[in-house]
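Below: the structure, in structure tokens.
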Amino acid sequence: MSAAAAAGALAGSSAVAQAAAAALGGSERVDQAWAVLDTVLDPEVPALSVRDLGIVREVIAAPESGELEIVLTPTYSGCPATEVIEQNVLQALAQAGLGPARVRLQRAPAWTSDWISDEGRRKLREYGIAPPGPTGPDAAVPLRFVGRRAVAPACPRCSSNDTERLSAFGSTACKALYRCRACREPFEHFKPI
């Protein structure tokens, strides 16, 4: 197929997707987009969806352009998975017939591990990663410029609190490596931020 024919086919499929998206009401389309985002897995922790992880902040249907705008807050500004997540989000929305869509990265307020859903914390434990402890919405969070004594996470396998940190970094920068002294199994802990 020539480049011109491929471009024409792409434009035709884009026009079909835009017509299908326009047929949906804005609210219904946004609801469907949220449901689709529940299926987009984090590339570094594939037990969690991007919604479970709390990085999807908003889904906005722009009536003037017909686009869906997906607002993402990366777990940290240097996260190497951010581009893959953007591509996966756009691809999932296009495959569901909800395009056109675009992603906007919003870095403020900064992502916090408190945004991980309760379902996401459960999935982390089942996957073998100790989830970070949540901070209540009314709890004061002191700003510290020196280290603090961290509370060791409970083992996701046997729930023992008798654990020790082996390394400040696990398979990714957002996780630390621990070992349970009770069952002797190693596990990763998703760092609280």
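Chain labels follow the order of the structure tokens: the first chain is A, the next B, and so on; residue numbering restarts at 1 in every chain, and ligands are counted from 1 in their shown order.
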### Task
Name the residues of segment 70-164 of chain A that fall into alpha helix (DSSP H) according to DSSP on the backbone, using the chain letters and numbers of this document, as a PyMOL selection string.
chain A and resi 82-95+118-127
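Every protein, DNA or RNA residue with an atom at most 12 Å from Phe169 of chain A, where only C-alpha atoms count and chain neighbours fewer than 2 positions away do not, is listed here: A:Arg165, A:Leu166, A:Ser167, A:Ser171, A:Thr172, A:Ala173, A:Cys174, A:Lys175, A:Ala176, A:Leu177, A:Tyr178, A:Phe187, A:Glu188, A:His189, A:Phe190, A:Lys191.
Those residues in segment 29-155 of chain A carrying a DSSP assignment of strand (DSSP E), computed from the backbone, are Val56, Arg57, Glu58, Val59, Ile60, Ala61, Leu68, Glu69, Ile70, Val71, Leu72, Ala101, Arg102, Val103, Arg104, Leu105, Ile129 and Ala130 of chain A.
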Print the selection's residues with N, CA and C atoms to a file, as an mmCIF file, in the first residue's frame.
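Here's the written file selection-v5.cif:
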```
data_model
loop_
_atom_site.group_PDB
_atom_site.id
_atom_site.type_symbol
_atom_site.label_atom_id
_atom_site.label_comp_id
_atom_site.auth_asym_id
_atom_site.auth_seq_id
_atom_site.Cartn_x
_atom_site.Cartn_y
_atom_site.Cartn_z
ATOM 1 N N VAL A 56 -4.395 8.784 36.722
ATOM 2 C CA VAL A 56 -5.395 9.430 35.872
ATOM 3 C C VAL A 56 -6.150 10.418 36.747
ATOM 4 N N ARG A 57 -5.978 11.683 36.478
ATOM 5 C CA ARG A 57 -6.577 12.717 37.317
ATOM 6 C C ARG A 57 -7.942 13.168 36.800
ATOM 7 N N GLU A 58 -8.089 13.227 35.472
ATOM 8 C CA GLU A 58 -9.324 13.739 34.890
ATOM 9 C C GLU A 58 -9.520 13.192 33.489
ATOM 10 N N VAL A 59 -10.774 13.094 33.070
ATOM 11 C CA VAL A 59 -11.129 12.818 31.681
ATOM 12 C C VAL A 59 -12.115 13.905 31.293
ATOM 13 N N ILE A 60 -11.745 14.666 30.265
ATOM 14 C CA ILE A 60 -12.539 15.832 29.864
ATOM 15 C C ILE A 60 -12.945 15.672 28.403
ATOM 16 N N ALA A 61 -14.232 15.841 28.129
ATOM 17 C CA ALA A 61 -14.714 15.838 26.749
ATOM 18 C C ALA A 61 -14.785 17.289 26.296
ATOM 19 N N LEU A 68 -11.208 13.839 23.520
ATOM 20 C CA LEU A 68 -11.152 13.539 24.938
ATOM 21 C C LEU A 68 -9.771 13.956 25.419
ATOM 22 N N GLU A 69 -9.723 14.652 26.527
ATOM 23 C CA GLU A 69 -8.432 15.015 27.111
ATOM 24 C C GLU A 69 -8.268 14.177 28.374
ATOM 25 N N ILE A 70 -7.194 13.408 28.419
ATOM 26 C CA ILE A 70 -6.890 12.563 29.564
ATOM 27 C C ILE A 70 -5.756 13.239 30.323
ATOM 28 N N VAL A 71 -6.010 13.590 31.569
ATOM 29 C CA VAL A 71 -5.015 14.279 32.388
ATOM 30 C C VAL A 71 -4.314 13.240 33.262
ATOM 31 N N LEU A 72 -3.000 13.109 33.077
ATOM 32 C CA LEU A 72 -2.193 12.145 33.829
ATOM 33 C C LEU A 72 -1.176 12.878 34.688
ATOM 34 N N ALA A 101 -8.420 11.434 20.965
ATOM 35 C CA ALA A 101 -8.059 11.752 22.342
ATOM 36 C C ALA A 101 -6.626 12.264 22.384
ATOM 37 N N ARG A 102 -6.331 12.965 23.452
ATOM 38 C CA ARG A 102 -4.954 13.419 23.682
ATOM 39 C C ARG A 102 -4.680 13.342 25.176
ATOM 40 N N VAL A 103 -3.404 13.273 25.513
ATOM 41 C CA VAL A 103 -2.981 13.205 26.911
ATOM 42 C C VAL A 103 -2.321 14.523 27.291
ATOM 43 N N ARG A 104 -2.671 15.012 28.471
ATOM 44 C CA ARG A 104 -1.985 16.184 29.030
ATOM 45 C C ARG A 104 -1.361 15.755 30.350
ATOM 46 N N LEU A 105 -0.064 15.995 30.487
ATOM 47 C CA LEU A 105 0.632 15.682 31.737
ATOM 48 C C LEU A 105 0.499 16.861 32.686
ATOM 49 N N ILE A 129 3.715 -7.387 46.351
ATOM 50 C CA ILE A 129 4.375 -6.116 46.656
ATOM 51 C C ILE A 129 3.633 -5.480 47.822
ATOM 52 N N ALA A 130 4.378 -5.128 48.871
ATOM 53 C CA ALA A 130 3.753 -4.475 50.016
ATOM 54 C C ALA A 130 3.367 -3.053 49.620
#
```
### Task
Identify which of the residues A:Leu41, A:Ile193, A:Ala168, A:Ala33 lies closest to Gly97 of chain A, counting only C-alpha atoms when measuring atom-to-atom distances.
A:Ala33
## Note on the structure
In terms of only C-alpha atoms, the residue from A:Val151, A:Gly128, A:Glu44, A:Gln32 at minimal distance from Ala94 of chain A is A:Gln32
### Query
Between A:Lys123, A:Val30, A:Pro131, A:Pro186, which is the closest to Gly66 of chain A once you count only C-alpha atoms?
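When distances to Gly66 of chain A are compared using only C-alpha atoms, the smallest one comes from A:Val30.
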### Message
Using Å and a single decimal, report how far atom CA of Pro192 of chain A sits from atom CA of Cys79 of chain A.
### Response
15.3 Å
### Query
Between A:Gly78, A:Ile85, A:Pro109, A:Cys158, which one has atoms that come closest to Thr39 of chain A, using only C-alpha atoms?
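Going through A:Gly78, A:Ile85, A:Pro109, A:Cys158 one by one, the smallest distance to Thr39 of chain A is for A:Ile85.
One distance worth recording is that between atom CA of Ser113 of chain A and atom CA of Gly133 of chain A, which is 8.3 Å.
Every protein, DNA or RNA residue with an atom at most 9 Å from Val36 of chain A, where only C-alpha atoms count and chain neighbours fewer than 4 positions away do not, is listed here: Asp31, Gln32, Val40, Val89, Ala92, Leu93 and Ala96 of chain A.
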Dump of N, CA and C atoms for the selected residues, as a compact mmCIF listing (two decimals), in the first residue's frame:
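Printed below is result_39.txt as written:
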```txt
# COMPACT_ATOMS: atom_id res chain seq x y z
N ASP A 31 -17.69 8.54 30.80
CA ASP A 31 -17.88 7.34 31.64
C ASP A 31 -17.25 6.12 30.98
N GLN A 32 -17.44 5.99 29.67
CA GLN A 32 -16.86 4.86 28.94
C GLN A 32 -15.33 4.95 28.94
N VAL A 40 -6.21 -0.39 31.31
CA VAL A 40 -4.86 -0.04 30.87
C VAL A 40 -3.90 -0.31 32.03
N VAL A 89 -2.69 4.42 26.82
CA VAL A 89 -3.97 5.09 27.08
C VAL A 89 -4.63 5.48 25.76
N ALA A 92 -5.78 2.35 23.78
CA ALA A 92 -6.97 1.71 24.35
C ALA A 92 -8.22 2.50 24.03
N LEU A 93 -8.14 3.83 24.11
CA LEU A 93 -9.30 4.67 23.79
C LEU A 93 -9.67 4.57 22.31
N ALA A 96 -11.37 1.30 21.58
CA ALA A 96 -12.74 1.28 22.10
C ALA A 96 -13.66 2.20 21.31
```
### Query
Please, what distance in Å, to one decimal, runs between atom CA of Thr163 of chain A and atom CA of Glu119 of chain A?
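Atom CA of Glu119 of chain A lies at a distance of 23.6 Å from atom CA of Thr163 of chain A.
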